[in-house]
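Student: Data: model18.cif, mmCIF, N, CA and C atoms and all ligand atoms.
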```cif
data_structure
loop_
_atom_site.label_atom_id
_atom_site.label_comp_id
_atom_site.auth_asym_id
_atom_site.auth_seq_id
_atom_site.Cartn_x
_atom_site.Cartn_y
_atom_site.Cartn_z
N MET A 915 5.99 23.67 -24.88
CA MET A 915 5.55 23.38 -23.50
C MET A 915 4.03 23.31 -23.45
N PRO A 916 3.49 22.20 -22.98
CA PRO A 916 2.04 22.11 -22.83
C PRO A 916 1.58 22.95 -21.63
N SER A 917 0.32 23.31 -21.67
CA SER A 917 -0.25 24.05 -20.56
C SER A 917 -0.66 23.08 -19.46
N GLU A 918 -0.64 23.55 -18.22
CA GLU A 918 -1.07 22.69 -17.12
C GLU A 918 -2.58 22.59 -17.04
N THR A 919 -3.24 23.53 -17.70
CA THR A 919 -4.70 23.51 -17.68
C THR A 919 -5.20 23.46 -19.12
N PHE A 920 -6.45 23.10 -19.28
CA PHE A 920 -7.08 23.13 -20.59
C PHE A 920 -8.54 23.51 -20.40
N PHE A 921 -9.21 23.77 -21.52
CA PHE A 921 -10.60 24.20 -21.45
C PHE A 921 -11.49 23.12 -22.05
N CYS A 922 -12.54 22.78 -21.31
CA CYS A 922 -13.49 21.78 -21.81
C CYS A 922 -14.06 22.26 -23.14
N PRO A 923 -14.00 21.41 -24.19
CA PRO A 923 -14.50 21.84 -25.51
C PRO A 923 -16.03 22.00 -25.51
N ASN A 924 -16.70 21.47 -24.50
CA ASN A 924 -18.16 21.57 -24.46
C ASN A 924 -18.64 22.77 -23.67
N CYS A 925 -18.11 22.94 -22.45
CA CYS A 925 -18.65 24.00 -21.59
C CYS A 925 -17.62 25.08 -21.30
N ARG A 926 -16.39 24.93 -21.80
CA ARG A 926 -15.35 25.94 -21.62
C ARG A 926 -14.88 26.09 -20.18
N ALA A 927 -15.19 25.13 -19.36
CA ALA A 927 -14.69 25.17 -17.99
C ALA A 927 -13.17 25.00 -18.02
N ARG A 928 -12.46 25.73 -17.17
CA ARG A 928 -11.02 25.59 -17.11
C ARG A 928 -10.70 24.42 -16.19
N LEU A 929 -10.00 23.44 -16.73
CA LEU A 929 -9.70 22.23 -15.97
C LEU A 929 -8.20 22.03 -15.89
N THR A 930 -7.78 21.37 -14.85
CA THR A 930 -6.36 21.08 -14.66
C THR A 930 -6.07 19.67 -15.15
N LYS A 931 -5.02 19.54 -15.95
CA LYS A 931 -4.65 18.22 -16.45
C LYS A 931 -4.08 17.38 -15.32
N SER A 932 -4.21 16.08 -15.45
CA SER A 932 -3.54 15.20 -14.51
C SER A 932 -2.05 15.29 -14.79
N ALA A 933 -1.26 14.91 -13.79
CA ALA A 933 0.20 14.95 -13.95
C ALA A 933 0.60 14.10 -15.14
N GLN A 934 -0.07 12.95 -15.32
CA GLN A 934 0.26 12.06 -16.43
C GLN A 934 -0.01 12.74 -17.77
N ALA A 935 -1.18 13.38 -17.87
CA ALA A 935 -1.52 14.04 -19.12
C ALA A 935 -0.54 15.16 -19.44
N TYR A 936 -0.13 15.88 -18.42
CA TYR A 936 0.81 16.98 -18.63
C TYR A 936 2.15 16.46 -19.12
N VAL A 937 2.63 15.43 -18.44
CA VAL A 937 3.95 14.87 -18.81
C VAL A 937 3.89 14.26 -20.21
N LEU A 938 2.81 13.55 -20.51
CA LEU A 938 2.66 12.96 -21.85
C LEU A 938 2.67 14.05 -22.92
N GLY A 939 1.98 15.16 -22.61
CA GLY A 939 1.95 16.26 -23.56
C GLY A 939 3.32 16.85 -23.79
N GLU A 940 4.09 16.93 -22.71
CA GLU A 940 5.44 17.47 -22.81
C GLU A 940 6.33 16.55 -23.64
N ILE A 941 6.20 15.24 -23.39
CA ILE A 941 6.98 14.27 -24.15
C ILE A 941 6.59 14.34 -25.63
N ALA A 942 5.28 14.42 -25.88
CA ALA A 942 4.80 14.46 -27.26
C ALA A 942 5.32 15.70 -27.98
N SER A 943 5.36 16.83 -27.27
CA SER A 943 5.80 18.07 -27.91
C SER A 943 7.30 18.05 -28.19
N SER A 944 8.05 17.24 -27.44
CA SER A 944 9.49 17.15 -27.67
C SER A 944 9.80 16.13 -28.76
N GLY A 945 8.81 15.29 -29.11
CA GLY A 945 8.99 14.31 -30.17
C GLY A 945 9.75 13.08 -29.73
N ALA A 946 10.01 12.96 -28.43
CA ALA A 946 10.77 11.81 -27.94
C ALA A 946 9.89 10.56 -27.92
N ARG A 947 10.53 9.42 -27.99
CA ARG A 947 9.80 8.16 -27.86
C ARG A 947 9.64 7.85 -26.38
N TYR A 948 8.57 7.19 -26.06
CA TYR A 948 8.37 6.86 -24.66
C TYR A 948 7.57 5.58 -24.53
N ILE A 949 7.64 5.02 -23.36
CA ILE A 949 6.88 3.80 -23.07
C ILE A 949 5.79 4.18 -22.08
N GLY A 950 4.57 3.85 -22.41
CA GLY A 950 3.47 4.13 -21.50
C GLY A 950 3.15 2.90 -20.66
N LEU A 951 2.73 3.11 -19.45
CA LEU A 951 2.32 2.01 -18.59
C LEU A 951 0.80 1.91 -18.60
N GLY A 952 0.31 0.74 -18.92
CA GLY A 952 -1.13 0.56 -18.92
C GLY A 952 -1.78 1.21 -20.12
N ASN A 953 -3.06 1.06 -20.23
CA ASN A 953 -3.79 1.66 -21.34
C ASN A 953 -4.23 3.06 -20.96
N ARG A 954 -4.08 3.94 -21.92
CA ARG A 954 -4.56 5.29 -21.67
C ARG A 954 -6.04 5.38 -21.94
N ALA A 955 -6.72 6.15 -21.13
CA ALA A 955 -8.15 6.33 -21.34
C ALA A 955 -8.36 7.11 -22.63
N GLU A 956 -9.37 6.72 -23.40
CA GLU A 956 -9.66 7.45 -24.64
C GLU A 956 -10.39 8.74 -24.35
N HIS A 957 -11.17 8.72 -23.29
CA HIS A 957 -11.92 9.92 -22.93
C HIS A 957 -11.81 10.19 -21.44
N VAL A 958 -11.86 11.44 -21.11
CA VAL A 958 -11.98 11.83 -19.72
C VAL A 958 -13.32 12.56 -19.59
N THR A 959 -13.87 12.52 -18.40
CA THR A 959 -15.16 13.16 -18.19
C THR A 959 -14.97 14.53 -17.55
N CYS A 960 -15.61 15.52 -18.15
CA CYS A 960 -15.53 16.86 -17.61
C CYS A 960 -16.30 16.93 -16.29
N PRO A 961 -15.64 17.39 -15.20
CA PRO A 961 -16.34 17.46 -13.92
C PRO A 961 -17.41 18.55 -13.89
N ALA A 962 -17.34 19.46 -14.83
CA ALA A 962 -18.30 20.57 -14.83
C ALA A 962 -19.59 20.21 -15.57
N CYS A 963 -19.47 19.63 -16.79
CA CYS A 963 -20.67 19.37 -17.59
C CYS A 963 -20.91 17.89 -17.81
N GLY A 964 -19.96 17.02 -17.44
CA GLY A 964 -20.17 15.59 -17.56
C GLY A 964 -19.99 15.03 -18.95
N GLN A 965 -19.59 15.88 -19.91
CA GLN A 965 -19.39 15.42 -21.28
C GLN A 965 -18.02 14.76 -21.40
N ALA A 966 -17.90 13.84 -22.35
CA ALA A 966 -16.63 13.18 -22.59
C ALA A 966 -15.70 14.13 -23.35
N ILE A 967 -14.44 14.14 -22.95
CA ILE A 967 -13.44 14.95 -23.62
C ILE A 967 -12.42 13.99 -24.21
N ASP A 968 -12.05 14.18 -25.47
CA ASP A 968 -11.07 13.33 -26.14
C ASP A 968 -9.72 13.47 -25.43
N ALA A 969 -9.29 12.39 -24.79
CA ALA A 969 -8.07 12.45 -23.99
C ALA A 969 -6.83 12.67 -24.85
N GLN A 970 -6.81 12.07 -26.06
CA GLN A 970 -5.66 12.24 -26.93
C GLN A 970 -5.46 13.70 -27.32
N ARG A 971 -6.57 14.33 -27.66
CA ARG A 971 -6.48 15.74 -28.06
C ARG A 971 -6.15 16.61 -26.86
N MET A 972 -6.67 16.28 -25.71
CA MET A 972 -6.36 17.03 -24.50
C MET A 972 -4.86 16.95 -24.21
N VAL A 973 -4.30 15.73 -24.31
CA VAL A 973 -2.87 15.54 -24.06
C VAL A 973 -2.04 16.32 -25.09
N ARG A 974 -2.49 16.29 -26.35
CA ARG A 974 -1.78 17.01 -27.41
C ARG A 974 -1.82 18.51 -27.22
N GLY A 975 -2.76 18.98 -26.41
CA GLY A 975 -2.83 20.41 -26.15
C GLY A 975 -3.81 21.14 -27.06
N ASP A 976 -4.68 20.38 -27.75
CA ASP A 976 -5.65 21.00 -28.65
C ASP A 976 -6.60 21.94 -27.91
N TYR A 977 -6.82 21.66 -26.63
CA TYR A 977 -7.80 22.45 -25.88
C TYR A 977 -7.14 23.47 -24.96
N ASP A 978 -5.81 23.56 -25.02
CA ASP A 978 -5.08 24.40 -24.07
C ASP A 978 -5.52 25.86 -24.11
N GLY A 979 -5.55 26.42 -25.30
CA GLY A 979 -5.77 27.86 -25.38
C GLY A 979 -7.18 28.23 -25.78
N ALA A 980 -8.01 27.23 -26.01
CA ALA A 980 -9.35 27.50 -26.52
C ALA A 980 -10.08 28.53 -25.67
N LYS A 981 -10.20 29.69 -26.18
CA LYS A 981 -10.82 30.82 -25.48
C LYS A 981 -10.14 31.02 -24.12
N GLY A 982 -10.36 32.15 -23.54
CA GLY A 982 -9.82 32.37 -22.21
C GLY A 982 -8.34 32.69 -22.25
N GLY A 983 -7.62 32.18 -23.25
CA GLY A 983 -6.20 32.44 -23.31
C GLY A 983 -5.89 33.91 -23.45
N TRP A 984 -6.79 34.62 -24.12
CA TRP A 984 -6.56 36.04 -24.34
C TRP A 984 -7.19 36.91 -23.26
N ILE A 985 -7.99 36.30 -22.37
CA ILE A 985 -8.71 37.10 -21.38
C ILE A 985 -7.75 37.70 -20.36
N ALA A 986 -6.85 36.90 -19.83
CA ALA A 986 -5.95 37.40 -18.80
C ALA A 986 -5.05 38.53 -19.32
N PRO A 987 -4.36 38.33 -20.45
CA PRO A 987 -3.52 39.43 -20.97
C PRO A 987 -4.33 40.68 -21.27
N LEU A 988 -5.52 40.50 -21.85
CA LEU A 988 -6.38 41.64 -22.17
C LEU A 988 -6.79 42.36 -20.89
N GLY A 989 -7.15 41.59 -19.87
CA GLY A 989 -7.58 42.18 -18.60
C GLY A 989 -6.45 42.95 -17.95
N ILE A 990 -5.23 42.42 -18.02
CA ILE A 990 -4.08 43.09 -17.42
C ILE A 990 -3.81 44.41 -18.12
N VAL A 991 -3.86 44.38 -19.46
CA VAL A 991 -3.63 45.61 -20.24
C VAL A 991 -4.70 46.65 -19.92
N LEU A 992 -5.96 46.19 -19.91
CA LEU A 992 -7.08 47.09 -19.60
C LEU A 992 -6.95 47.63 -18.19
N GLY A 993 -6.60 46.77 -17.25
CA GLY A 993 -6.50 47.16 -15.85
C GLY A 993 -5.42 48.19 -15.64
N ILE A 994 -4.23 47.94 -16.21
CA ILE A 994 -3.12 48.88 -16.05
C ILE A 994 -3.46 50.20 -16.73
N GLY A 995 -4.01 50.11 -17.94
CA GLY A 995 -4.39 51.31 -18.68
C GLY A 995 -5.43 52.12 -17.93
N ALA A 996 -6.44 51.41 -17.40
CA ALA A 996 -7.50 52.10 -16.67
C ALA A 996 -6.95 52.70 -15.39
N GLY A 997 -6.05 51.98 -14.74
CA GLY A 997 -5.46 52.49 -13.49
C GLY A 997 -4.69 53.77 -13.73
N ILE A 998 -3.89 53.80 -14.80
CA ILE A 998 -3.14 55.01 -15.13
C ILE A 998 -4.10 56.15 -15.47
N ALA A 999 -5.15 55.82 -16.24
CA ALA A 999 -6.12 56.84 -16.64
C ALA A 999 -6.84 57.41 -15.42
N VAL A 1000 -7.23 56.53 -14.50
CA VAL A 1000 -7.97 56.97 -13.31
C VAL A 1000 -7.09 57.89 -12.46
N SER A 1001 -5.83 57.49 -12.22
CA SER A 1001 -4.97 58.30 -11.37
C SER A 1001 -4.63 59.63 -12.04
N TYR A 1002 -4.57 59.64 -13.37
CA TYR A 1002 -4.26 60.86 -14.11
C TYR A 1002 -5.46 61.81 -14.13
N VAL A 1003 -6.62 61.27 -14.49
CA VAL A 1003 -7.84 62.09 -14.63
C VAL A 1003 -8.25 62.69 -13.29
N PHE A 1004 -8.21 61.88 -12.23
CA PHE A 1004 -8.68 62.37 -10.93
C PHE A 1004 -7.53 62.89 -10.06
N ALA A 1005 -6.33 62.97 -10.62
CA ALA A 1005 -5.16 63.47 -9.89
C ALA A 1005 -4.98 62.74 -8.58
N LEU A 1006 -5.16 61.42 -8.61
CA LEU A 1006 -4.99 60.60 -7.42
C LEU A 1006 -3.55 60.09 -7.35
N PRO A 1007 -3.11 59.74 -6.15
CA PRO A 1007 -1.77 59.13 -6.06
C PRO A 1007 -1.71 57.81 -6.82
N TRP A 1008 -0.50 57.38 -7.16
CA TRP A 1008 -0.33 56.19 -8.01
C TRP A 1008 -0.96 54.94 -7.41
N TRP A 1009 -0.96 54.84 -6.06
CA TRP A 1009 -1.50 53.61 -5.45
C TRP A 1009 -3.02 53.55 -5.58
N ALA A 1010 -3.67 54.71 -5.61
CA ALA A 1010 -5.13 54.71 -5.81
C ALA A 1010 -5.46 54.25 -7.23
N GLY A 1011 -4.63 54.70 -8.17
CA GLY A 1011 -4.81 54.26 -9.55
C GLY A 1011 -4.58 52.77 -9.68
N LEU A 1012 -3.59 52.28 -8.94
CA LEU A 1012 -3.27 50.85 -8.97
C LEU A 1012 -4.45 50.03 -8.44
N ILE A 1013 -5.03 50.49 -7.32
CA ILE A 1013 -6.17 49.77 -6.74
C ILE A 1013 -7.35 49.78 -7.71
N ALA A 1014 -7.62 50.96 -8.29
CA ALA A 1014 -8.72 51.05 -9.26
C ALA A 1014 -8.45 50.14 -10.45
N GLY A 1015 -7.20 50.12 -10.90
CA GLY A 1015 -6.84 49.28 -12.03
C GLY A 1015 -7.05 47.81 -11.73
N LEU A 1016 -6.68 47.40 -10.50
CA LEU A 1016 -6.85 46.00 -10.12
C LEU A 1016 -8.33 45.64 -10.04
N LEU A 1017 -9.13 46.56 -9.50
CA LEU A 1017 -10.58 46.32 -9.43
C LEU A 1017 -11.17 46.14 -10.82
N ILE A 1018 -10.76 47.02 -11.74
CA ILE A 1018 -11.25 46.92 -13.12
C ILE A 1018 -10.76 45.63 -13.75
N LEU A 1019 -9.50 45.28 -13.47
CA LEU A 1019 -8.92 44.05 -13.99
C LEU A 1019 -9.72 42.83 -13.57
N PHE A 1020 -10.01 42.72 -12.27
CA PHE A 1020 -10.70 41.53 -11.78
C PHE A 1020 -12.16 41.49 -12.21
N SER A 1021 -12.78 42.66 -12.29
CA SER A 1021 -14.18 42.65 -12.73
C SER A 1021 -14.25 42.32 -14.22
N THR A 1022 -13.23 42.74 -14.99
CA THR A 1022 -13.19 42.40 -16.42
C THR A 1022 -13.05 40.89 -16.60
N ILE A 1023 -12.12 40.30 -15.87
CA ILE A 1023 -11.91 38.86 -15.98
C ILE A 1023 -13.15 38.11 -15.50
N GLY A 1024 -13.74 38.57 -14.40
CA GLY A 1024 -14.94 37.93 -13.88
C GLY A 1024 -16.08 38.01 -14.87
N TYR A 1025 -16.21 39.17 -15.53
CA TYR A 1025 -17.30 39.36 -16.49
C TYR A 1025 -17.10 38.44 -17.70
N LEU A 1026 -15.88 38.38 -18.21
CA LEU A 1026 -15.61 37.57 -19.40
C LEU A 1026 -15.67 36.08 -19.09
N ASP A 1027 -15.44 35.74 -17.82
CA ASP A 1027 -15.42 34.35 -17.42
C ASP A 1027 -16.83 33.82 -17.19
N ASN A 1028 -17.78 34.70 -16.99
CA ASN A 1028 -19.12 34.31 -16.58
C ASN A 1028 -19.91 33.46 -17.57
N PRO A 1029 -19.95 33.80 -18.85
CA PRO A 1029 -20.76 33.01 -19.78
C PRO A 1029 -20.40 31.54 -19.74
N ALA A 1030 -19.13 31.22 -19.55
CA ALA A 1030 -18.69 29.84 -19.50
C ALA A 1030 -19.28 29.13 -18.29
N ARG A 1031 -19.37 29.85 -17.17
CA ARG A 1031 -19.86 29.21 -15.95
C ARG A 1031 -21.37 29.06 -15.95
N SER A 1032 -22.07 30.06 -16.45
CA SER A 1032 -23.52 30.04 -16.34
C SER A 1032 -24.13 28.92 -17.20
N ARG A 1033 -23.38 28.46 -18.22
CA ARG A 1033 -23.89 27.41 -19.09
C ARG A 1033 -23.87 26.04 -18.41
N ARG A 1034 -23.17 25.97 -17.26
CA ARG A 1034 -23.03 24.70 -16.57
C ARG A 1034 -24.40 24.22 -16.05
N ALA A 1035 -25.22 25.17 -15.62
CA ALA A 1035 -26.52 24.82 -15.04
C ALA A 1035 -27.51 24.51 -16.16
ZN ZN B 1101 -17.37 20.56 -19.66
#
```
Rewrite the coordinates I just gave you, this time as structure tokens.

Tutor:
Amino acid sequence: MPSETFFCPNCRARLTKSAQAYVLGEIASSGARYIGLGNRAEHVTCPACGQAIDAQRMVRGDYDGAKGGWIAPLGIVLGIGAGIAVSYVFALPWWAGLIAGLLILFSTIGYLDNPARSRRA
């Protein structure tokens, strides 16, 4: 299954594939033959940095997991772990630990996501 989003190989911005690119990727991953309408663009332009992205590789899913793929799972694990630790250490009710865990989770993801965004300027 191809991802609905991919990461710009130049600036690491998370971008959403067009419906066509997603479907083509799905067809390609199943190995089925298909008929395309019109010519496919060789390159697409990244809306964040303006660099050309190889459309064939994007459709194939080469850029799907490039970085960032591990950020969300890592953040969730850290957030849940931190939430449990906070509620245990400070003897807080479970919901306080949950809130703290979510705050840590989102700040972790925000922190790890930042270098990709700041390079845009
Ligand atoms: Zn870019």

Student: Quick one: distance from atom N of Val958 of chain A to atom C of Gly945 of chain A in Å, one decimal?

Tutor: 23.3 Å

Student: Extract, using all atoms listed in the file, all DNA, RNA and protein residues at most 7 Å from segment 994-1000 of chain A, discarding same-chain residues fewer than 4 positions from it, and format them as a PDB file with N, CA and C atoms, keeping the file's coordinate frame.

Tutor:
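After the write, result-v5.pdb holds the following:
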```pdb
ATOM      1  N   GLY A 989      -7.150  41.590 -19.870  1.00  0.00           N
ATOM      2  CA  GLY A 989      -7.580  42.180 -18.600  1.00  0.00           C
ATOM      3  C   GLY A 989      -6.450  42.950 -17.950  1.00  0.00           C
ATOM      4  N   ILE A 990      -5.230  42.420 -18.020  1.00  0.00           N
ATOM      5  CA  ILE A 990      -4.080  43.090 -17.420  1.00  0.00           C
ATOM      6  C   ILE A 990      -3.810  44.410 -18.120  1.00  0.00           C
ATOM      7  N   PHE A1004      -8.210  61.880 -12.230  1.00  0.00           N
ATOM      8  CA  PHE A1004      -8.680  62.370 -10.930  1.00  0.00           C
ATOM      9  C   PHE A1004      -7.530  62.890 -10.060  1.00  0.00           C
ATOM     10  N   ALA A1005      -6.330  62.970 -10.620  1.00  0.00           N
ATOM     11  CA  ALA A1005      -5.160  63.470  -9.890  1.00  0.00           C
ATOM     12  C   ALA A1005      -4.980  62.740  -8.580  1.00  0.00           C
ATOM     13  N   LEU A1006      -5.160  61.420  -8.610  1.00  0.00           N
ATOM     14  CA  LEU A1006      -4.990  60.600  -7.420  1.00  0.00           C
ATOM     15  C   LEU A1006      -3.550  60.090  -7.350  1.00  0.00           C
ATOM     16  N   ALA A1010      -3.670  54.710  -5.610  1.00  0.00           N
ATOM     17  CA  ALA A1010      -5.130  54.710  -5.810  1.00  0.00           C
ATOM     18  C   ALA A1010      -5.460  54.250  -7.230  1.00  0.00           C
ATOM     19  N   GLY A1011      -4.630  54.700  -8.170  1.00  0.00           N
ATOM     20  CA  GLY A1011      -4.810  54.260  -9.550  1.00  0.00           C
ATOM     21  C   GLY A1011      -4.580  52.770  -9.680  1.00  0.00           C
ATOM     22  N   LEU A1012      -3.590  52.280  -8.940  1.00  0.00           N
ATOM     23  CA  LEU A1012      -3.270  50.850  -8.970  1.00  0.00           C
ATOM     24  C   LEU A1012      -4.450  50.030  -8.440  1.00  0.00           C
ATOM     25  N   ILE A1013      -5.030  50.490  -7.320  1.00  0.00           N
ATOM     26  CA  ILE A1013      -6.170  49.770  -6.740  1.00  0.00           C
ATOM     27  C   ILE A1013      -7.350  49.780  -7.710  1.00  0.00           C
ATOM     28  N   ALA A1014      -7.620  50.960  -8.290  1.00  0.00           N
ATOM     29  CA  ALA A1014      -8.720  51.050  -9.260  1.00  0.00           C
ATOM     30  C   ALA A1014      -8.450  50.140 -10.450  1.00  0.00           C
ATOM     31  N   GLY A1015      -7.200  50.120 -10.900  1.00  0.00           N
ATOM     32  CA  GLY A1015      -6.840  49.280 -12.030  1.00  0.00           C
ATOM     33  C   GLY A1015      -7.050  47.810 -11.730  1.00  0.00           C
ATOM     34  N   LEU A1016      -6.680  47.400 -10.500  1.00  0.00           N
ATOM     35  CA  LEU A1016      -6.850  46.000 -10.120  1.00  0.00           C
ATOM     36  C   LEU A1016      -8.330  45.640 -10.040  1.00  0.00           C
ATOM     37  N   LEU A1019      -9.500  45.280 -13.470  1.00  0.00           N
ATOM     38  CA  LEU A1019      -8.920  44.050 -13.990  1.00  0.00           C
ATOM     39  C   LEU A1019      -9.720  42.830 -13.570  1.00  0.00           C
TER      40      LEU A1019
END
```

Student: Find the spatial neighbours of Ile1018 of chain A, counting all atoms listed in the file, within a cut-off of 6.5 Å - ignore same-chain residues fewer than 5 positions away - and output them as a list in words.

Tutor: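 Final neighbour list, sorted by chain and number: Leu992, Gly993, Ile1013 and Ile1023 of chain A.
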
Student: Around all listed atoms of segment 990-994 of chain A, padded 8 Å per side, what centre and edge lengths does the axis-aligned box have in Å to one decimal, as JSON?

Tutor:
```
{"center_x": -5.1, "center_y": 46.3, "center_z": -17.9, "size_x": 20.0, "size_y": 23.8, "size_z": 20.6}
```

Student: Among segment 915-1028 of chain A, which residues carry a DSSP assignment of strand (DSSP E), reported as a VMD selection string?

Tutor: chain A and resid 919 to 921 928 to 930 957 to 959 966 to 968

Student: Neighbours of ligand ZN 1101 (chain B) within 10 Å, counting only C-alpha atoms and all ligand atoms, as a PyMOL selection string?

Tutor: chain A and resi 921-929+959-967+1030-1031+1033-1034

Student: May I have the protein, DNA and RNA residues with an atom at most 10 Å from (-9.4, 9.6, -24.7), counting only C-alpha atoms in the file's coordinates, returned as a ChimeraX atom specification?

Tutor: /A:954-959,966-973

Student: Please identify which residues in chain A DSSP calls helix (DSSP H, G or I) from the backbone, and express them as a ChimeraX atom specification.

Tutor: /A:933-944,969-974,985-1003,1008-1032

Student: Suppose you want the space between atom CA of Lys931 of chain A and atom N of Phe1020 of chain A; what is it in Å?

Tutor: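 Atom N of Phe1020 of chain A lies 25.4 Å from atom CA of Lys931 of chain A.
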
Student: Rounded to one decimal place, report the atom N of Thr1022 of chain A-atom C of Ser932 of chain A distance in Å.

Tutor: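 For atom N of Thr1022 of chain A relative to atom C of Ser932 of chain A, the distance reads 29.6 Å.
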